[in-house]
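K.L.:
Pasting start-v5.pdb here (PDB, C-alpha atoms and all ligand atoms):
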```
ATOM      1  CA  MET A  75     -50.157  17.800  70.001
ATOM      2  CA  LEU A  76     -52.293  20.936  69.980
ATOM      3  CA  PRO A  77     -52.049  22.693  66.611
ATOM      4  CA  ASN A  78     -51.689  26.422  66.148
ATOM      5  CA  ILE A  79     -54.987  28.262  66.493
ATOM      6  CA  VAL A  80     -55.794  31.236  64.265
ATOM      7  CA  LEU A  81     -58.516  33.547  65.568
ATOM      8  CA  VAL A  82     -60.459  35.525  62.998
ATOM      9  CA  GLY A  83     -63.535  37.696  63.397
ATOM     10  CA  PHE A  84     -64.927  41.168  63.113
ATOM     11  CA  MET A  85     -63.574  44.113  65.088
ATOM     12  CA  GLY A  86     -64.705  43.754  68.700
ATOM     13  CA  SER A  87     -65.035  39.991  68.609
ATOM     14  CA  GLY A  88     -62.391  39.625  71.337
ATOM     15  CA  LYS A  89     -59.638  37.907  69.328
ATOM     16  CA  SER A  90     -56.763  39.442  71.323
ATOM     17  CA  SER A  91     -58.315  39.008  74.783
ATOM     18  CA  VAL A  92     -59.457  35.448  74.077
ATOM     19  CA  GLY A  93     -56.155  34.679  72.357
ATOM     20  CA  ARG A  94     -54.141  35.743  75.399
ATOM     21  CA  ARG A  95     -56.224  33.462  77.613
ATOM     22  CA  LEU A  96     -55.810  30.592  75.157
ATOM     23  CA  ALA A  97     -52.056  31.092  75.205
ATOM     24  CA  LEU A  98     -52.034  30.950  79.007
ATOM     25  CA  ALA A  99     -54.172  27.813  79.026
ATOM     26  CA  THR A 100     -52.182  25.952  76.382
ATOM     27  CA  GLY A 101     -48.606  27.159  76.799
ATOM     28  CA  HIS A 102     -48.641  28.315  73.175
ATOM     29  CA  ARG A 103     -47.150  31.730  72.416
ATOM     30  CA  PHE A 104     -49.589  34.584  71.776
ATOM     31  CA  VAL A 105     -49.020  36.429  68.522
ATOM     32  CA  ASP A 106     -51.148  39.270  67.147
ATOM     33  CA  THR A 107     -50.840  40.412  63.528
ATOM     34  CA  ASP A 108     -51.750  44.009  64.436
ATOM     35  CA  GLU A 109     -49.016  44.080  67.109
ATOM     36  CA  LEU A 110     -46.453  42.689  64.637
ATOM     37  CA  ILE A 111     -47.440  45.381  62.136
ATOM     38  CA  VAL A 112     -47.163  48.168  64.724
ATOM     39  CA  GLU A 113     -43.709  46.899  65.795
ATOM     40  CA  ARG A 114     -42.569  46.604  62.227
ATOM     41  CA  CYS A 115     -43.768  50.058  61.137
ATOM     42  CA  GLY A 116     -43.000  51.797  64.433
ATOM     43  CA  LYS A 117     -46.377  53.553  64.505
ATOM     44  CA  PRO A 118     -49.971  52.828  65.495
ATOM     45  CA  ILE A 119     -52.423  51.217  63.048
ATOM     46  CA  ALA A 120     -54.423  54.451  62.684
ATOM     47  CA  THR A 121     -51.241  56.298  61.639
ATOM     48  CA  ILE A 122     -50.330  53.561  59.141
ATOM     49  CA  PHE A 123     -53.795  53.922  57.580
ATOM     50  CA  ALA A 124     -53.461  57.725  57.523
ATOM     51  CA  ASP A 125     -49.892  57.826  56.154
ATOM     52  CA  GLU A 126     -49.844  54.856  53.808
ATOM     53  CA  GLY A 127     -53.461  53.856  53.162
ATOM     54  CA  GLU A 128     -55.461  50.696  53.713
ATOM     55  CA  SER A 129     -54.026  48.900  50.712
ATOM     56  CA  ARG A 130     -50.457  49.200  52.049
ATOM     57  CA  PHE A 131     -51.687  48.032  55.470
ATOM     58  CA  ARG A 132     -53.192  44.949  53.756
ATOM     59  CA  ASP A 133     -49.865  44.282  52.009
ATOM     60  CA  ILE A 134     -48.101  44.326  55.365
ATOM     61  CA  GLU A 135     -50.725  41.939  56.796
ATOM     62  CA  THR A 136     -49.897  39.498  54.006
ATOM     63  CA  GLU A 137     -46.152  39.839  54.656
ATOM     64  CA  VAL A 138     -46.636  39.216  58.368
ATOM     65  CA  LEU A 139     -48.739  36.100  57.717
ATOM     66  CA  THR A 140     -46.210  34.785  55.213
ATOM     67  CA  ASN A 141     -43.523  34.964  57.894
ATOM     68  CA  LEU A 142     -45.664  32.899  60.279
ATOM     69  CA  VAL A 143     -46.096  29.889  57.987
ATOM     70  CA  GLY A 144     -44.106  27.018  59.496
ATOM     71  CA  VAL A 145     -43.983  28.523  62.998
ATOM     72  CA  CYS A 146     -45.305  26.080  65.634
ATOM     73  CA  GLY A 147     -46.920  26.534  69.029
ATOM     74  CA  ILE A 148     -48.766  29.802  68.510
ATOM     75  CA  ILE A 149     -52.175  31.308  69.119
ATOM     76  CA  LEU A 150     -52.602  33.922  66.407
ATOM     77  CA  ALA A 151     -55.028  36.826  66.736
ATOM     78  CA  THR A 152     -55.640  38.658  63.470
ATOM     79  CA  GLY A 153     -57.101  41.973  62.318
ATOM     80  CA  GLY A 154     -60.778  41.874  61.359
ATOM     81  CA  GLY A 155     -60.128  42.568  57.673
ATOM     82  CA  ILE A 156     -57.398  39.997  57.148
ATOM     83  CA  VAL A 157     -59.886  37.570  55.592
ATOM     84  CA  LEU A 158     -60.583  39.932  52.673
ATOM     85  CA  ARG A 159     -57.657  38.717  50.580
ATOM     86  CA  PRO A 160     -57.903  35.129  49.279
ATOM     87  CA  GLU A 161     -54.112  34.918  49.561
ATOM     88  CA  ASN A 162     -54.366  35.621  53.308
ATOM     89  CA  ARG A 163     -57.012  32.937  53.716
ATOM     90  CA  ASP A 164     -54.669  30.398  52.107
ATOM     91  CA  LEU A 165     -51.808  31.480  54.361
ATOM     92  CA  MET A 166     -53.958  31.201  57.510
ATOM     93  CA  ARG A 167     -55.086  27.682  56.526
ATOM     94  CA  ARG A 168     -51.409  26.764  56.342
ATOM     95  CA  ILE A 169     -50.746  28.259  59.774
ATOM     96  CA  GLY A 170     -53.372  26.432  61.861
ATOM     97  CA  VAL A 171     -56.944  25.622  62.796
ATOM     98  CA  ILE A 172     -59.121  28.638  62.047
ATOM     99  CA  ALA A 173     -61.632  29.712  64.694
ATOM    100  CA  TRP A 174     -64.167  32.469  63.965
ATOM    101  CA  LEU A 175     -65.085  34.473  67.038
ATOM    102  CA  ASP A 176     -68.513  35.894  66.365
ATOM    103  CA  ALA A 177     -71.063  37.887  68.400
ATOM    104  CA  SER A 178     -74.325  39.704  67.763
ATOM    105  CA  PRO A 179     -73.970  43.001  65.850
ATOM    106  CA  ASP A 180     -75.078  44.993  68.905
ATOM    107  CA  ALA A 181     -72.540  43.258  71.172
ATOM    108  CA  LEU A 182     -69.761  43.860  68.619
ATOM    109  CA  PHE A 183     -70.713  47.502  68.173
ATOM    110  CA  GLU A 184     -70.879  48.071  71.917
ATOM    111  CA  ARG A 185     -67.353  46.633  72.287
ATOM    112  CA  VAL A 186     -65.819  48.659  69.436
ATOM    113  CA  SER A 187     -67.436  51.840  70.738
ATOM    114  CA  ARG A 188     -65.342  51.611  73.920
ATOM    115  CA  THR A 189     -62.209  52.797  72.065
ATOM    116  CA  GLN A 190     -61.402  55.218  69.258
ATOM    117  CA  LYS A 191     -58.495  53.205  67.854
ATOM    118  CA  ARG A 192     -60.144  51.750  64.742
ATOM    119  CA  PRO A 193     -59.470  53.908  61.682
ATOM    120  CA  LEU A 194     -62.190  52.269  59.574
ATOM    121  CA  LEU A 195     -64.863  53.380  62.053
ATOM    122  CA  LYS A 196     -63.749  57.012  62.164
ATOM    123  CA  SER A 197     -66.613  58.215  60.025
ATOM    124  CA  PRO A 198     -69.534  60.616  60.443
ATOM    125  CA  ASP A 199     -71.811  57.568  60.785
ATOM    126  CA  PRO A 200     -69.840  54.896  62.682
ATOM    127  CA  ARG A 201     -72.826  52.528  63.080
ATOM    128  CA  GLY A 202     -73.668  52.774  59.363
ATOM    129  CA  THR A 203     -70.051  52.026  58.435
ATOM    130  CA  PHE A 204     -69.922  49.214  60.969
ATOM    131  CA  ASP A 205     -73.125  47.617  59.577
ATOM    132  CA  ARG A 206     -71.896  47.886  55.987
ATOM    133  CA  LEU A 207     -68.513  46.312  56.765
ATOM    134  CA  LEU A 208     -70.152  43.551  58.805
ATOM    135  CA  ALA A 209     -72.589  42.758  55.977
ATOM    136  CA  GLU A 210     -69.672  42.587  53.509
ATOM    137  CA  ARG A 211     -67.503  40.416  55.700
ATOM    138  CA  ARG A 212     -69.875  38.022  57.446
ATOM    139  CA  PRO A 213     -70.270  35.831  54.310
ATOM    140  CA  ILE A 214     -66.474  35.636  54.014
ATOM    141  CA  TYR A 215     -66.040  34.443  57.621
ATOM    142  CA  GLU A 216     -68.881  31.979  57.088
ATOM    143  CA  ALA A 217     -67.408  30.475  53.940
ATOM    144  CA  PHE A 218     -63.847  30.431  55.254
ATOM    145  CA  THR A 219     -64.162  28.934  58.728
ATOM    146  CA  GLU A 220     -65.173  25.517  59.948
ATOM    147  CA  LEU A 221     -65.360  26.546  63.599
ATOM    148  CA  ARG A 222     -67.621  29.413  64.763
ATOM    149  CA  ILE A 223     -67.901  30.495  68.390
ATOM    150  CA  ASP A 224     -70.717  32.867  69.308
ATOM    151  CA  SER A 225     -69.223  34.885  72.158
ATOM    152  CA  THR A 226     -72.359  36.972  72.828
ATOM    153  CA  GLY A 227     -72.859  36.831  76.582
ATOM    154  CA  LEU A 228     -69.722  34.729  77.155
ATOM    155  CA  SER A 229     -66.759  35.800  79.259
ATOM    156  CA  HIS A 230     -63.342  35.732  77.573
ATOM    157  CA  ASP A 231     -62.508  32.597  79.583
ATOM    158  CA  GLU A 232     -65.683  30.861  78.406
ATOM    159  CA  SER A 233     -64.969  31.816  74.803
ATOM    160  CA  ALA A 234     -61.397  30.548  75.156
ATOM    161  CA  ARG A 235     -62.661  27.203  76.458
ATOM    162  CA  ALA A 236     -65.119  26.908  73.563
ATOM    163  CA  VAL A 237     -62.371  27.711  71.027
ATOM    164  CA  LEU A 238     -60.036  25.157  72.571
ATOM    165  CA  GLU A 239     -62.624  22.366  72.548
ATOM    166  CA  GLY A 240     -63.580  23.173  68.955
ATOM    167  CA  ALA A 241     -59.955  23.390  67.813
ATOM    168  CA  MET A 242     -59.157  20.018  69.346
ATOM    169  CA  ARG A 243     -62.161  18.444  67.582
ATOM    170  CA  ALA A 244     -61.190  20.127  64.293
ATOM    171  CA  SER A 245     -57.621  18.941  64.654
ATOM    172  CA  ARG A 246     -58.799  15.344  65.196
ATOM    173  CA  ARG A 247     -60.737  15.701  61.925
ATOM    174  CA  GLY A 248     -57.519  16.749  60.212
ATOM    175  CA  PHE A 249     -57.868  20.556  60.010
ATOM    176  CA  GLY A 250     -54.822  22.658  60.711
ATOM    177  CA  SER A 251     -52.289  19.846  60.546
TER
HETATM  178  C1  LIG A 301     -59.386  46.151  60.866
HETATM  179  C2  LIG A 301     -59.412  45.660  62.153
HETATM  180  C3  LIG A 301     -58.421  46.022  63.169
HETATM  181  C4  LIG A 301     -57.105  46.464  62.500
HETATM  182  C5  LIG A 301     -57.357  47.528  61.484
HETATM  183  C6  LIG A 301     -58.307  47.064  60.372
HETATM  184  C7  LIG A 301     -60.450  45.755  59.930
HETATM  185  O1  LIG A 301     -58.173  44.943  64.053
HETATM  186  O2  LIG A 301     -56.476  45.360  61.873
HETATM  187  O3  LIG A 301     -57.884  48.636  62.152
HETATM  188  O4  LIG A 301     -60.278  45.928  58.714
HETATM  189  O5  LIG A 301     -61.473  45.195  60.391
HETATM  190  P1  LIG A 301     -59.266  44.387  65.117
HETATM  191  O6  LIG A 301     -60.131  43.408  64.401
HETATM  192  O7  LIG A 301     -58.436  43.754  66.164
HETATM  193  O8  LIG A 301     -60.021  45.578  65.594
END
```
Could I get this file's structure written as structure tokens?
Ligand code: S3P

P.N.:
Amino acid sequence: MLPNIVLVGFMGSGKSSVGRRLALATGHRFVDTDELIVERCGKPIATIFADEGESRFRDIETEVLTNLVGVCGIILATGGGIVLRPENRDLMRRIGVIAWLDASPDALFERVSRTQKRPLLKSPDPRGTFDRLLAERRPIYEAFTELRIDSTGLSHDESARAVLEGAMRASRRGFGS
């Protein structure tokens, strides 16, 4: 049976779009940690950051992940910073096979620049902030994940296919079960 798949990656890596396609292709249910947080708090992510701060947002991320342990048949898209807490990394390993959606810095920046919804990039120097966060986080994704998909130049459907093939191989090797 296909295990749960947990999509991690930097902002703009396409976790939600690819995740929705994976859910369609597999029959798994699509779940998105950011959407669960918005539902739970009744306000957008940017407002949660503004009202309650990043640290409280991270606490809620951990609570949401904790509630997903033991749930079967899901494709889980996560927020880009969810990997920062070791506790979250342990929880995600318990939820399913982890797939890191990656792309070149320029491709990621181009995608995040299409919307204004990311509070961490609302700064006088969005590219500088973006580069700093990426440099901090890339080593964490690298160390944490056994499956990396470079989505630069791939359509969402192509990325979804690559994730699925990789997740099935990883599951045969015993990850995520
Ligand atoms: C964040 C990424 C966002 C969202 C929040 C914080 C981050 O999700 O969770 O704005 O720390 O990288 P996406 O990765 O879907 O943009």

K.L.:
Please enumerate the residues selected by the PyMOL selection byres (((chain A and resi 147) around 12) and not hetatm) when evaluated against the supplied file, formatted as a list of chain:residue names.

P.N.:
A:Met75, A:Leu76, A:Pro77, A:Asn78, A:Ile79, A:Val80, A:Leu96, A:Ala97, A:Thr100, A:Gly101, A:His102, A:Arg103, A:Phe104, A:Val105, A:Leu142, A:Val143, A:Gly144, A:Val145, A:Cys146, A:Ile148, A:Ile149, A:Leu150, A:Ile169, A:Gly170, A:Val171

K.L.:
I need the residue set behind the PyMOL selection byres (((not hetatm)) within 6 of (chain A and resi 301)) for this file; please write it as a PyMOL selection string.

P.N.:
chain A and resi 84-86+108+153-155+192-193

K.L.:
Print the selection's residues with C-alpha atoms to a file, as a short mmCIF file (atom, residue, chain, number, x, y, z; two decimals), in the frame of the given file.

P.N.:
```cif
data_model
loop_
_atom_site.label_atom_id
_atom_site.label_comp_id
_atom_site.auth_asym_id
_atom_site.auth_seq_id
_atom_site.Cartn_x
_atom_site.Cartn_y
_atom_site.Cartn_z
CA PHE A 84 -64.93 41.17 63.11
CA MET A 85 -63.57 44.11 65.09
CA GLY A 86 -64.70 43.75 68.70
CA ASP A 108 -51.75 44.01 64.44
CA GLY A 153 -57.10 41.97 62.32
CA GLY A 154 -60.78 41.87 61.36
CA GLY A 155 -60.13 42.57 57.67
CA ARG A 192 -60.14 51.75 64.74
CA PRO A 193 -59.47 53.91 61.68
#
```

K.L.:
Please provide as JSON, numbers by chain all residues within 10 Å of A:Leu208, with the sequence filter that same-chain residues fewer than 4 positions apart are discarded (counting all atoms listed in the file).

P.N.:
{"A": [83, 84, 85, 154, 179, 182, 202, 203, 204, 212, 213, 214]}

K.L.:
Restricting the calculation to only C-alpha atoms: of A:Arg201, A:Arg114, A:Arg211, A:His230, which residue gets closest to A:Ile156?

P.N.:
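Of A:Arg201, A:Arg114, A:Arg211, A:His230, the one nearest A:Ile156 is A:Arg211, counting only C-alpha atoms.
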
K.L.:
In Å, with one decimal, what is the gap from atom CA of A:Asn141 to atom CA of A:Arg163?

P.N.:
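Atom CA of A:Arg163 lies 14.3 Å from atom CA of A:Asn141.
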
K.L.:
In Å, rounded to a single decimal, give me how far atom CA of A:Glu113 is from atom CA of A:Thr219.

P.N.:
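Pair atom CA of A:Thr219 / atom CA of A:Glu113 returns 28.1 Å.
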
K.L.:
Find the distance between atom CA of A:Pro118 and atom CA of A:Lys196 and write it in Å to one decimal.

P.N.:
14.8 Å

K.L.:
If you apply the PyMOL selection byres (((chain A and resi 233) around 12) and not hetatm) to this file, what residues do you get, as a PyMOL selection string?

P.N.:
chain A and resi 81+87-96+173-177+222-232+234-240

K.L.:
Smallest atom-to-atom distance to A:Thr152: which of A:Leu98, A:Arg206, A:Arg185, A:Ile172, using all atoms listed in the file?

P.N.:
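That would be A:Ile172, the residue with the smallest distance to A:Thr152.
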
K.L.:
Residues near A:Thr121, anyone? I mean within 12 Å using only C-alpha atoms, not counting same-chain ones fewer than 2 positions away, as a list in words.

P.N.:
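Returned residues: Ile111, Val112, Cys115, Gly116, Lys117, Pro118, Ile119, Phe123, Ala124, Asp125, Glu126, Gly127, Glu128, Arg130, Phe131, Lys191, Arg192, Pro193 and Leu194 of chain A.
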
K.L.:
Filtering to C-alpha atoms, could you give me those residues as a tab-separated table (two decimals), in the frame of the given file?

P.N.:
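Generated output (out08.tsv):
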```tsv
chain	number	residue	atom	x	y	z
A	111	ILE	CA	-47.44	45.38	62.14
A	112	VAL	CA	-47.16	48.17	64.72
A	115	CYS	CA	-43.77	50.06	61.14
A	116	GLY	CA	-43.00	51.80	64.43
A	117	LYS	CA	-46.38	53.55	64.50
A	118	PRO	CA	-49.97	52.83	65.50
A	119	ILE	CA	-52.42	51.22	63.05
A	123	PHE	CA	-53.80	53.92	57.58
A	124	ALA	CA	-53.46	57.72	57.52
A	125	ASP	CA	-49.89	57.83	56.15
A	126	GLU	CA	-49.84	54.86	53.81
A	127	GLY	CA	-53.46	53.86	53.16
A	128	GLU	CA	-55.46	50.70	53.71
A	130	ARG	CA	-50.46	49.20	52.05
A	131	PHE	CA	-51.69	48.03	55.47
A	191	LYS	CA	-58.50	53.20	67.85
A	192	ARG	CA	-60.14	51.75	64.74
A	193	PRO	CA	-59.47	53.91	61.68
A	194	LEU	CA	-62.19	52.27	59.57
```

K.L.:
Please determine, counting all atoms listed in the file, which residue among A:Ala120, A:Leu165, A:Val157, A:Ala241 has the shortest atom-to-atom distance to A:Leu221.

P.N.:
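Counting all atoms listed in the file, the residue closest to A:Leu221 is A:Ala241.
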
K.L.:
Of the candidates A:Ser178, A:Ser197, A:Gln190, A:Leu158, which shows the shortest atom-to-atom distance to A:Glu210, using all atoms listed in the file?

P.N.:
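Comparing A:Ser178, A:Ser197, A:Gln190, A:Leu158 against A:Glu210, the winner is A:Leu158.
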
K.L.:
For A:Ser129, which residue out of A:Ala244, A:Glu109, A:Ala151, A:Arg159 is the nearest one, using all atoms listed in the file?

P.N.:
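Distance minimum relative to A:Ser129 lands on A:Arg159.
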